[in-house]
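Here's my_file14.cif, which has mmCIF, C-alpha atoms:
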```cif
data_input
loop_
_atom_site.label_atom_id
_atom_site.label_comp_id
_atom_site.auth_asym_id
_atom_site.auth_seq_id
_atom_site.Cartn_x
_atom_site.Cartn_y
_atom_site.Cartn_z
CA MET A 35 -18.27 12.56 -21.34
CA SER A 36 -17.59 13.23 -17.68
CA ALA A 37 -15.83 16.37 -16.43
CA ARG A 38 -12.07 16.39 -15.97
CA LYS A 39 -10.97 16.11 -12.37
CA MET A 40 -8.23 17.46 -10.15
CA ALA A 41 -7.50 15.85 -6.76
CA ILE A 42 -5.43 17.84 -4.28
CA ILE A 43 -4.18 16.63 -0.91
CA VAL A 44 -3.97 19.81 1.19
CA HIS A 45 -1.41 18.96 3.86
CA SER A 46 -0.21 22.51 4.59
CA GLY A 47 -2.10 25.13 6.53
CA THR A 48 0.03 28.17 5.67
CA MET A 49 -1.17 31.06 3.53
CA ASP A 50 1.46 30.59 0.82
CA LYS A 51 0.27 27.00 0.21
CA LEU A 52 -3.48 27.61 0.59
CA TYR A 53 -3.32 30.20 -2.19
CA PRO A 54 -2.23 27.77 -4.93
CA VAL A 55 -4.86 25.27 -3.71
CA LEU A 56 -7.73 27.73 -4.10
CA MET A 57 -6.25 29.49 -7.17
CA LEU A 58 -6.06 26.13 -8.96
CA ALA A 59 -9.56 25.16 -7.80
CA SER A 60 -11.05 28.46 -8.97
CA ALA A 61 -9.13 28.45 -12.26
CA GLY A 62 -10.28 24.85 -12.76
CA GLY A 63 -13.85 25.75 -11.91
CA ALA A 64 -13.95 28.30 -14.72
CA MET A 65 -12.57 25.65 -17.11
CA ASP A 66 -15.18 23.07 -16.11
CA VAL A 67 -12.65 20.99 -14.17
CA GLU A 68 -13.87 19.48 -10.90
CA ALA A 69 -11.59 20.11 -7.91
CA HIS A 70 -11.59 17.61 -5.06
CA LEU A 71 -9.70 18.97 -2.05
CA PHE A 72 -8.75 16.69 0.85
CA PHE A 73 -7.63 18.69 3.89
CA THR A 74 -5.36 16.64 6.13
CA PHE A 75 -2.81 17.21 8.92
CA TRP A 76 -1.92 20.96 9.17
CA GLY A 77 -4.31 21.59 6.29
CA LEU A 78 -7.31 20.75 8.47
CA ASN A 79 -6.80 24.05 10.33
CA ALA A 80 -7.93 25.85 7.19
CA LEU A 81 -11.36 24.21 7.52
CA LYS A 82 -11.92 25.34 11.10
CA LYS A 83 -14.07 28.43 11.54
CA GLY A 84 -11.78 31.44 11.05
CA GLY A 85 -8.99 29.20 9.75
CA LEU A 86 -8.65 30.61 6.23
CA GLU A 87 -8.75 34.19 7.55
CA GLY A 88 -6.07 33.38 10.15
CA ALA A 89 -3.65 31.45 7.92
CA LYS A 90 -0.08 32.82 8.16
CA LEU A 91 3.17 32.52 6.26
CA PRO A 92 5.34 29.63 7.52
CA GLY A 93 7.92 29.77 10.31
CA MET A 94 9.64 33.04 11.00
CA MET A 95 8.08 34.59 7.90
CA SER A 96 4.76 34.60 9.77
CA LEU A 97 5.65 38.12 10.90
CA GLY A 98 5.34 39.24 7.28
CA THR A 99 1.81 37.85 6.83
CA GLY A 100 0.10 41.24 7.03
CA MET A 101 2.47 42.74 4.46
CA MET A 102 1.87 39.80 2.12
CA LYS A 103 -1.89 40.22 2.47
CA GLY A 104 -1.45 43.84 1.41
CA ARG A 105 0.53 42.82 -1.67
CA VAL A 106 -2.07 40.22 -2.58
CA ARG A 107 -4.83 42.81 -2.32
CA ASP A 108 -2.86 45.42 -4.29
CA ALA A 109 -2.34 42.85 -7.07
CA GLY A 110 -6.11 42.44 -7.31
CA VAL A 111 -6.05 38.86 -6.02
CA PRO A 112 -9.05 37.84 -3.88
CA SER A 113 -8.55 36.85 -0.23
CA LEU A 114 -8.64 33.14 0.68
CA PRO A 115 -12.25 33.28 1.99
CA GLU A 116 -13.29 35.12 -1.20
CA LEU A 117 -11.59 32.48 -3.36
CA LEU A 118 -13.42 29.72 -1.47
CA ARG A 119 -16.71 31.53 -2.02
CA MET A 120 -15.99 31.83 -5.76
CA CYS A 121 -15.20 28.11 -5.92
CA ARG A 122 -18.45 27.25 -4.17
CA GLU A 123 -20.49 29.51 -6.43
CA MET A 124 -19.10 27.79 -9.53
CA GLY A 125 -20.24 24.57 -7.87
CA ASN A 126 -17.48 22.19 -8.93
CA THR A 127 -15.16 22.27 -5.90
CA LYS A 128 -15.67 19.57 -3.28
CA ILE A 129 -14.17 19.97 0.19
CA TYR A 130 -13.24 16.92 2.27
CA ALA A 131 -11.93 16.88 5.85
CA CYS A 132 -9.63 13.99 6.82
CA SER A 133 -11.35 11.82 9.44
CA THR A 134 -8.07 10.54 10.91
CA THR A 135 -6.73 14.06 11.37
CA MET A 136 -9.95 15.09 13.11
CA LYS A 137 -9.47 12.25 15.60
CA MET A 138 -5.77 13.03 16.07
CA MET A 139 -6.26 16.77 16.52
CA ASN A 140 -9.47 16.24 18.47
CA VAL A 141 -11.50 18.45 16.12
CA LYS A 142 -15.30 18.16 16.25
CA GLU A 143 -17.56 18.42 13.21
CA GLU A 144 -19.23 21.56 14.58
CA GLU A 145 -15.87 23.36 14.60
CA LEU A 146 -15.62 23.08 10.82
CA ILE A 147 -16.90 25.63 8.29
CA PRO A 148 -20.21 24.73 6.58
CA GLU A 149 -18.49 24.49 3.17
CA VAL A 150 -17.12 21.04 4.12
CA ASP A 151 -18.94 18.47 1.95
CA ASP A 152 -17.76 15.31 3.65
CA ILE A 153 -15.49 13.81 6.29
CA VAL A 154 -13.59 10.87 4.80
CA GLY A 155 -10.49 8.73 5.27
CA ALA A 156 -7.42 8.41 3.07
CA ALA A 157 -8.77 5.34 1.25
CA VAL A 158 -11.92 7.13 0.05
CA PHE A 159 -9.88 10.06 -1.22
CA LEU A 160 -7.30 7.83 -2.87
CA ASP A 161 -10.15 6.26 -4.82
CA ILE A 162 -11.15 9.73 -6.09
CA ALA A 163 -7.52 10.59 -6.88
CA LEU A 164 -7.02 7.41 -8.92
CA ASP A 165 -9.70 8.60 -11.34
CA ALA A 166 -8.49 12.20 -11.51
CA ASP A 167 -6.53 13.80 -14.36
CA VAL A 168 -4.31 15.81 -12.04
CA GLN A 169 -3.14 14.87 -8.54
CA LEU A 170 -1.13 17.16 -6.32
CA PHE A 171 0.17 17.12 -2.75
CA ILE A 172 0.40 20.66 -1.43
CA MET B 297 2.61 10.10 -31.39
CA SER B 298 3.28 13.15 -29.28
CA ALA B 299 6.00 13.26 -26.61
CA ARG B 300 5.17 12.39 -23.03
CA LYS B 301 4.85 15.40 -20.74
CA MET B 302 5.65 16.33 -17.18
CA ALA B 303 4.10 19.45 -15.59
CA ILE B 304 5.69 20.78 -12.42
CA ILE B 305 4.42 23.66 -10.29
CA VAL B 306 7.57 25.11 -8.71
CA HIS B 307 6.30 26.83 -5.57
CA SER B 308 9.52 26.61 -3.53
CA GLY B 309 12.61 28.71 -4.01
CA THR B 310 15.02 26.77 -1.82
CA MET B 311 18.00 24.80 -3.12
CA ASP B 312 16.77 21.44 -1.81
CA LYS B 313 13.53 21.77 -3.81
CA LEU B 314 15.00 23.33 -6.97
CA TYR B 315 17.33 20.33 -7.32
CA PRO B 316 14.56 17.75 -7.81
CA VAL B 317 12.81 20.12 -10.24
CA LEU B 318 15.85 20.42 -12.51
CA MET B 319 17.05 16.83 -11.95
CA LEU B 320 13.63 15.54 -13.09
CA ALA B 321 13.56 17.94 -16.04
CA SER B 322 17.04 16.94 -17.18
CA ALA B 323 16.41 13.22 -16.62
CA GLY B 324 13.16 13.62 -18.56
CA GLY B 325 14.90 15.53 -21.33
CA ALA B 326 17.25 12.61 -21.92
CA MET B 327 14.22 10.28 -22.08
CA ASP B 328 12.37 12.43 -24.58
CA VAL B 329 9.88 13.64 -21.98
CA GLU B 330 8.87 17.30 -22.20
CA ALA B 331 9.12 19.21 -18.92
CA HIS B 332 6.84 22.20 -18.35
CA LEU B 333 7.91 24.16 -15.29
CA PHE B 334 5.64 26.84 -13.79
CA PHE B 335 7.47 29.01 -11.27
CA THR B 336 5.08 30.60 -8.79
CA PHE B 337 5.20 32.25 -5.35
CA TRP B 338 8.65 31.66 -3.71
CA GLY B 339 9.66 29.71 -6.81
CA LEU B 340 9.65 32.88 -8.90
CA ASN B 341 12.83 34.00 -7.14
CA ALA B 342 14.69 31.23 -8.96
CA LEU B 343 13.90 32.93 -12.27
CA LYS B 344 15.32 36.29 -11.26
CA LYS B 345 18.84 37.04 -12.46
CA GLY B 346 21.21 35.38 -9.98
CA GLY B 347 18.32 33.54 -8.33
CA LEU B 348 19.42 29.96 -9.02
CA GLU B 349 22.98 30.74 -7.93
CA GLY B 350 21.73 32.34 -4.73
CA ALA B 351 19.18 29.68 -3.70
CA LYS B 352 19.71 28.51 -0.11
CA LEU B 353 18.57 25.64 2.11
CA PRO B 354 15.32 26.46 3.98
CA GLY B 355 15.02 28.16 7.40
CA MET B 356 17.86 27.75 9.83
CA MET B 357 19.55 25.20 7.58
CA SER B 358 20.40 28.09 5.25
CA LEU B 359 23.68 28.38 7.16
CA GLY B 360 24.65 24.98 5.77
CA THR B 361 24.08 25.94 2.13
CA GLY B 362 27.78 26.27 1.30
CA MET B 363 28.55 22.87 2.81
CA MET B 364 25.69 21.28 0.83
CA LYS B 365 27.00 22.86 -2.38
CA GLY B 366 30.35 21.24 -1.66
CA ARG B 367 28.74 17.82 -1.18
CA VAL B 368 26.75 18.23 -4.38
CA ARG B 369 29.91 19.08 -6.29
CA ASP B 370 31.87 16.21 -4.71
CA ALA B 371 29.12 13.78 -5.76
CA GLY B 372 29.59 14.92 -9.35
CA VAL B 373 26.15 16.57 -9.53
CA PRO B 374 25.99 19.73 -11.68
CA SER B 375 25.12 23.07 -10.08
CA LEU B 376 21.57 24.45 -10.54
CA PRO B 377 22.60 26.88 -13.33
CA GLU B 378 24.47 24.04 -15.08
CA LEU B 379 21.39 21.80 -14.84
CA LEU B 380 19.23 24.55 -16.34
CA ARG B 381 21.72 24.95 -19.18
CA MET B 382 21.63 21.17 -19.83
CA CYS B 383 17.82 21.24 -19.89
CA ARG B 384 17.81 24.11 -22.37
CA GLU B 385 20.36 22.41 -24.61
CA MET B 386 18.20 19.29 -24.81
CA GLY B 387 15.43 21.63 -25.89
CA ASN B 388 12.42 20.02 -24.23
CA THR B 389 12.16 22.02 -21.01
CA LYS B 390 9.79 24.98 -21.04
CA ILE B 391 10.03 27.66 -18.34
CA TYR B 392 6.96 29.68 -17.32
CA ALA B 393 6.82 32.56 -14.83
CA CYS B 394 3.53 33.06 -12.96
CA SER B 395 1.97 36.38 -13.98
CA THR B 396 0.04 36.79 -10.72
CA THR B 397 3.18 36.29 -8.63
CA MET B 398 5.03 38.87 -10.74
CA LYS B 399 2.30 41.40 -9.96
CA MET B 400 2.22 40.46 -6.26
CA MET B 401 5.98 40.55 -5.80
CA ASN B 402 6.33 43.54 -8.13
CA VAL B 403 8.81 41.74 -10.41
CA LYS B 404 9.41 43.21 -13.86
CA GLU B 405 10.02 41.13 -16.98
CA GLU B 406 13.54 42.57 -17.39
CA GLU B 407 14.50 41.18 -13.96
CA LEU B 408 13.96 37.60 -15.18
CA ILE B 409 16.60 35.37 -16.77
CA PRO B 410 16.39 35.04 -20.57
CA GLU B 411 15.57 31.31 -20.29
CA VAL B 412 11.95 32.18 -19.39
CA ASP B 413 9.76 31.13 -22.32
CA ASP B 414 6.52 32.74 -21.26
CA ILE B 415 4.68 34.60 -18.52
CA VAL B 416 1.31 32.96 -17.90
CA GLY B 417 -1.46 32.60 -15.33
CA ALA B 418 -2.61 29.55 -13.40
CA ALA B 419 -5.39 28.73 -15.89
CA VAL B 420 -2.98 28.46 -18.83
CA PHE B 421 -0.66 26.20 -16.88
CA LEU B 422 -3.52 24.06 -15.57
CA ASP B 423 -4.51 23.44 -19.17
CA ILE B 424 -0.98 22.14 -19.87
CA ALA B 425 -1.02 20.04 -16.68
CA LEU B 426 -4.34 18.40 -17.58
CA ASP B 427 -2.70 16.93 -20.68
CA ALA B 428 0.51 15.86 -18.93
CA ASP B 429 1.46 12.32 -17.88
CA VAL B 430 3.05 13.45 -14.63
CA GLN B 431 2.04 16.43 -12.47
CA LEU B 432 3.93 17.49 -9.38
CA PHE B 433 3.79 20.37 -6.91
CA ILE B 434 7.25 21.05 -5.52
CA MET C 263 -5.22 -6.07 -16.52
CA SER C 264 -2.28 -4.81 -14.51
CA ALA C 265 -2.63 -3.27 -11.05
CA ARG C 266 -3.06 0.45 -10.66
CA LYS C 267 0.06 2.27 -9.53
CA MET C 268 0.99 5.18 -7.30
CA ALA C 269 4.45 6.78 -7.53
CA ILE C 270 5.56 9.01 -4.68
CA ILE C 271 8.75 11.04 -4.49
CA VAL C 272 9.53 11.23 -0.77
CA HIS C 273 11.66 14.36 -0.44
CA SER C 274 10.81 15.18 3.18
CA GLY C 275 12.11 13.38 6.23
CA THR C 276 9.80 14.87 8.85
CA MET C 277 7.14 12.90 10.71
CA ASP C 278 4.22 14.98 9.41
CA LYS C 279 5.18 14.19 5.80
CA LEU C 280 6.18 10.54 6.28
CA TYR C 281 2.71 9.81 7.69
CA PRO C 282 0.80 10.66 4.49
CA VAL C 283 3.39 8.68 2.48
CA LEU C 284 2.85 5.49 4.47
CA MET C 285 -0.89 6.08 5.07
CA LEU C 286 -1.40 6.37 1.30
CA ALA C 287 0.79 3.32 0.63
CA SER C 288 -1.07 1.19 3.18
CA ALA C 289 -4.51 2.43 2.08
CA GLY C 290 -3.46 1.69 -1.51
CA GLY C 291 -2.16 -1.73 -0.55
CA ALA C 292 -5.58 -2.70 0.80
CA MET C 293 -7.16 -1.49 -2.48
CA ASP C 294 -4.78 -3.47 -4.65
CA VAL C 295 -2.87 -0.36 -5.74
CA GLU C 296 0.90 -0.72 -6.02
CA ALA C 297 2.89 1.99 -4.22
CA HIS C 298 6.34 2.89 -5.51
CA LEU C 299 8.18 5.14 -3.04
CA PHE C 300 11.38 6.94 -4.05
CA PHE C 301 13.21 8.36 -1.02
CA THR C 302 15.43 11.29 -1.99
CA PHE C 303 17.18 14.22 -0.30
CA TRP C 304 15.92 14.63 3.32
CA GLY C 305 13.62 11.65 2.72
CA LEU C 306 16.60 9.30 2.58
CA ASN C 307 17.04 9.71 6.34
CA ALA C 308 13.82 7.74 6.82
CA LEU C 309 15.47 4.71 5.23
CA LYS C 310 18.48 4.71 7.55
CA LYS C 311 18.32 2.29 10.47
CA GLY C 312 16.30 4.01 13.21
CA GLY C 313 15.27 6.76 10.80
CA LEU C 314 11.50 6.23 10.85
CA GLU C 315 11.49 5.92 14.65
CA GLY C 316 13.52 9.11 14.99
CA ALA C 317 11.58 11.30 12.52
CA LYS C 318 10.52 14.61 14.09
CA LEU C 319 8.12 17.44 13.30
CA PRO C 320 9.75 20.21 11.18
CA GLY C 321 11.65 23.25 12.48
CA MET C 322 10.76 24.59 15.88
CA MET C 323 7.75 22.27 16.11
CA SER C 324 10.23 19.41 16.59
CA LEU C 325 9.88 20.03 20.33
CA GLY C 326 6.26 18.85 20.04
CA THR C 327 7.13 15.53 18.39
CA GLY C 328 6.55 13.48 21.52
CA MET C 329 3.16 15.05 22.10
CA MET C 330 2.17 14.41 18.48
CA LYS C 331 3.21 10.77 18.79
CA GLY C 332 0.90 10.51 21.82
CA ARG C 333 -2.02 11.96 19.85
CA VAL C 334 -1.34 9.61 16.96
CA ARG C 335 -1.35 6.62 19.29
CA ASP C 336 -4.51 7.82 21.10
CA ALA C 337 -6.27 8.12 17.73
CA GLY C 338 -5.48 4.46 17.07
CA VAL C 339 -3.09 5.25 14.21
CA PRO C 340 -0.10 2.89 13.87
CA SER C 341 3.43 4.21 14.30
CA LEU C 342 5.56 4.82 11.20
CA PRO C 343 7.54 1.56 11.60
CA GLU C 344 4.24 -0.33 12.09
CA LEU C 345 2.79 1.24 8.94
CA LEU C 346 5.88 0.22 6.97
CA ARG C 347 5.53 -3.35 8.28
CA MET C 348 1.85 -3.41 7.22
CA CYS C 349 2.79 -2.16 3.75
CA ARG C 350 5.44 -4.85 3.40
CA GLU C 351 3.08 -7.58 4.57
CA MET C 352 0.51 -6.62 1.92
CA GLY C 353 3.38 -6.97 -0.54
CA ASN C 354 2.60 -4.18 -2.99
CA THR C 355 4.80 -1.37 -1.67
CA LYS C 356 8.22 -0.97 -3.26
CA ILE C 357 10.91 1.10 -1.55
CA TYR C 358 13.64 2.82 -3.57
CA ALA C 359 16.60 4.79 -2.23
CA CYS C 360 17.95 7.61 -4.44
CA SER C 361 21.48 6.75 -5.58
CA THR C 362 22.50 10.40 -6.08
CA THR C 363 21.40 11.33 -2.55
CA MET C 364 23.38 8.39 -1.14
CA LYS C 365 26.49 9.72 -2.85
CA MET C 366 25.81 13.30 -1.75
CA MET C 367 25.04 12.40 1.86
CA ASN C 368 27.74 9.75 1.91
CA VAL C 369 25.30 7.01 3.00
CA LYS C 370 26.42 3.39 2.58
CA GLU C 371 24.07 0.57 1.59
CA GLU C 372 24.63 -1.21 4.90
CA GLU C 373 23.26 1.83 6.77
CA LEU C 374 19.85 1.35 5.14
CA ILE C 375 16.97 -0.72 6.52
CA PRO C 376 16.49 -4.14 4.89
CA GLU C 377 13.07 -3.11 3.50
CA VAL C 378 14.80 -1.14 0.72
CA ASP C 379 14.12 -2.98 -2.56
CA ASP C 380 16.48 -1.09 -4.81
CA ILE C 381 18.88 1.84 -5.11
CA VAL C 382 18.09 3.78 -8.29
CA GLY C 383 18.52 7.18 -9.94
CA ALA C 384 15.92 9.78 -10.87
CA ALA C 385 15.63 8.52 -14.47
CA VAL C 386 14.66 4.99 -13.40
CA PHE C 387 12.04 6.33 -11.03
CA LEU C 388 10.70 8.81 -13.57
CA ASP C 389 10.11 5.88 -15.88
CA ILE C 390 8.00 4.19 -13.19
CA ALA C 391 6.14 7.44 -12.48
CA LEU C 392 5.27 7.96 -16.14
CA ASP C 393 3.27 4.73 -16.07
CA ALA C 394 1.61 5.39 -12.71
CA ASP C 395 -1.99 6.52 -12.16
CA VAL C 396 -1.07 8.85 -9.33
CA GLN C 397 2.17 10.80 -8.86
CA LEU C 398 2.93 12.88 -5.81
CA PHE C 399 5.90 14.84 -4.48
CA ILE C 400 5.84 14.85 -0.69
#
```
Taking this structure as input, can you express it in the form of structure tokens?
Amino acid sequence: MSARKMAIIVHSGTMDKLYPVLMLASAGGAMDVEAHLFFTFWGLNALKKGGLEGAKLPGMMSLGTGMMKGRVRDAGVPSLPELLRMCREMGNTKIYACSTTMKMMNVKEEELIPEVDDIVGAAVFLDIALDADVQLFI
Amino acid sequence: MSARKMAIIVHSGTMDKLYPVLMLASAGGAMDVEAHLFFTFWGLNALKKGGLEGAKLPGMMSLGTGMMKGRVRDAGVPSLPELLRMCREMGNTKIYACSTTMKMMNVKEEELIPEVDDIVGAAVFLDIALDADVQLFI
Amino acid sequence: MSARKMAIIVHSGTMDKLYPVLMLASAGGAMDVEAHLFFTFWGLNALKKGGLEGAKLPGMMSLGTGMMKGRVRDAGVPSLPELLRMCREMGNTKIYACSTTMKMMNVKEEELIPEVDDIVGAAVFLDIALDADVQLFI
């Protein structure tokens, strides 16, 4: 029997949205659920070097990002880069960068973090999503 | 045969997003579809006492919240608290508060409305979502 | 064997969110996947005449809409109206307008683009979504 799968389209690049993405992936990892994460549009920023560390709250709330990071830490929740590392260590999270977004935003492969497994288009990811047990757009 | 299930991660706390959550849950309830709603991050505010009543439109549109409430009422659509009551009366909507968000936002159990069925973490809800027919992130 | 199905609730009316909706629908169309798109709340604006052409980036980023359109064009990505035309030509994208939103926003049927297949409520769409292979809220 093959592992259960979760397919997430990561469209947002803000801290409040990246947390659920990586919390679900790491929770899934511990439950033997594969997580396939497709970073597109604003989400692609999270895959640039320093992107996860620099993610902010959206809009005018961005001023409160530092305070939110403090609350996250005080609650014993790992930082975004730590969550990504945990996901990678469990070995069942796959990271995809959207090829169309890279062209649109003029992002080169060497600007991306090494954790990116593949650069693919929407059709390839849709094929993965069609076979997944859970699909989310975040 | 067990009932069909819908699992919704409620990440937003704004009026425009809480409406689809409760409209889907109440529509589902009438169709014998169980709705499992997991309120996390900004969404948790909706579960605090007075939270549904006080939900506003996002960002600068928040100034138009009163006008939108008027339109909603004129269209014969119930208010958010009325929708929640309808869902509870049908008996197949379950309300979960995210335990990690409660810690992060320093929210105590006694601050939550009595309609909350359980306080759980992401892993518990993911397990419910994996068995659901519909999963949404709102 | 019936075609695979994708059901998308289109709640947003901004350009950055309408792109993934129509990119997924057109990618799906080429893979023989039916796309059922339910335009509700802010999303309904995209179905008004001139709505797709006039869609902007959200909030304060709206000032950068023209620049983003340039980048999209330079990357060889079709415009939103072109994507909709491609979806319609493939013949497996269905467009639904939310009846409750039309009442709330006081939108008349004759204000909508002719590509709208049907005006339905949340319950009708939920029924379609329950039988779909992929469900997303965008």
Considering all atoms listed in the file, give me a table of residues in chain C that are at most 8 Å from chain A, with the closest atom pair and distance in Å for each, as CSV.
```
residue,atom,partner,partner_atom,distance
C:Asp278,CA,A:Phe75,CA,7.4
C:Met285,CA,A:Ala156,CA,7.2
C:Leu286,CA,A:Ala156,CA,6.6
C:Ala289,CA,A:Ala157,CA,5.2
C:Gly290,CA,A:Ala157,CA,7.0
C:Met293,CA,A:Ala157,CA,7.9
C:Gly321,CA,A:Gly93,CA,7.8
C:Arg333,CA,A:Met138,CA,5.4
C:Val334,CA,A:Met138,CA,5.7
C:Asp336,CA,A:Met138,CA,7.4
C:Ala337,CA,A:Met138,CA,5.2
C:Val339,CA,A:Thr134,CA,8.0
C:Asp395,CA,A:Leu164,CA,6.0
C:Val396,CA,A:Leu164,CA,6.1
C:Gln397,CA,A:Gln169,CA,6.7
C:Leu398,CA,A:Phe171,CA,5.9
C:Phe399,CA,A:Phe171,CA,6.4
C:Ile400,CA,A:Phe171,CA,6.4
```
**Report entry** Residues matched by the PyMOL selection byres ((chain C and resi 315) around 10) as JSON, numbers by chain
**Finding:** {"C": [277, 308, 311, 312, 313, 314, 316, 317, 318, 341, 342, 343, 344]}
Requested in this report: Give as a PyMOL selection string the residues that the PyMOL selection byres ((chain A and resi 145) around 9) matches when applied to the coordinates above.
Outcome: chain A and resi 81-83+141-144+146-147
On this structure, which residues satisfy the PyMOL selection byres ((chain C and resi 348-358) around 7), written as a PDB file with C-alpha atoms, in the frame of the given file?
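Result file follows (selection_11.pdb):
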```
ATOM      1  CA  ALA C 287       0.790   3.320   0.630  1.00  0.00           C
ATOM      2  CA  SER C 288      -1.070   1.190   3.180  1.00  0.00           C
ATOM      3  CA  GLY C 291      -2.160  -1.730  -0.550  1.00  0.00           C
ATOM      4  CA  GLU C 296       0.900  -0.720  -6.020  1.00  0.00           C
ATOM      5  CA  ALA C 297       2.890   1.990  -4.220  1.00  0.00           C
ATOM      6  CA  HIS C 298       6.340   2.890  -5.510  1.00  0.00           C
ATOM      7  CA  LEU C 299       8.180   5.140  -3.040  1.00  0.00           C
ATOM      8  CA  PHE C 300      11.380   6.940  -4.050  1.00  0.00           C
ATOM      9  CA  PHE C 301      13.210   8.360  -1.020  1.00  0.00           C
ATOM     10  CA  GLU C 344       4.240  -0.330  12.090  1.00  0.00           C
ATOM     11  CA  LEU C 345       2.790   1.240   8.940  1.00  0.00           C
ATOM     12  CA  LEU C 346       5.880   0.220   6.970  1.00  0.00           C
ATOM     13  CA  ARG C 347       5.530  -3.350   8.280  1.00  0.00           C
ATOM     14  CA  ALA C 359      16.600   4.790  -2.230  1.00  0.00           C
ATOM     15  CA  CYS C 360      17.950   7.610  -4.440  1.00  0.00           C
ATOM     16  CA  GLU C 377      13.070  -3.110   3.500  1.00  0.00           C
ATOM     17  CA  VAL C 378      14.800  -1.140   0.720  1.00  0.00           C
ATOM     18  CA  ASP C 379      14.120  -2.980  -2.560  1.00  0.00           C
ATOM     19  CA  ASP C 380      16.480  -1.090  -4.810  1.00  0.00           C
ATOM     20  CA  ILE C 381      18.880   1.840  -5.110  1.00  0.00           C
ATOM     21  CA  VAL C 382      18.090   3.780  -8.290  1.00  0.00           C
TER      22      VAL C 382
END
```
Report task. Enter the distance from atom CA of Arg335 of chain C to atom CA of Thr48 of chain A, in Å, rounded to one decimal. Result ->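 Spanning atom CA of Arg335 of chain C to atom CA of Thr48 of chain A is a straight-line distance of 25.5 Å.
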Report summary line: Here atom CA of Val329 of chain B and atom CA of Pro54 of chain A stand apart by 25.2 Å
Requested in this report: Please measure the separation of atom CA of Pro112 of chain A and atom CA of Gly98 of chain A, giving the value in Å to one decimal.
Outcome: 18.3 Å
Report task. Choose the residue, out of B:Asn341, B:Tyr315, B:Gly309, B:Asp328, that has the smallest atom-to-atom separation from Pro354 of chain B; count only C-alpha atoms. Result -> B:Gly309
Just need the box for segment 298-305 of chain C, edges along x, y and z, holding every atom the file lists for it with 8 Å tacked onto each side, so centre and edge lengths in Å to one decimal, as lines of an AutoDock Vina configuration file.
```
center_x = 11.8
center_y = 8.8
center_z = -1.1
size_x = 26.8
size_y = 27.7
size_z = 24.8
```
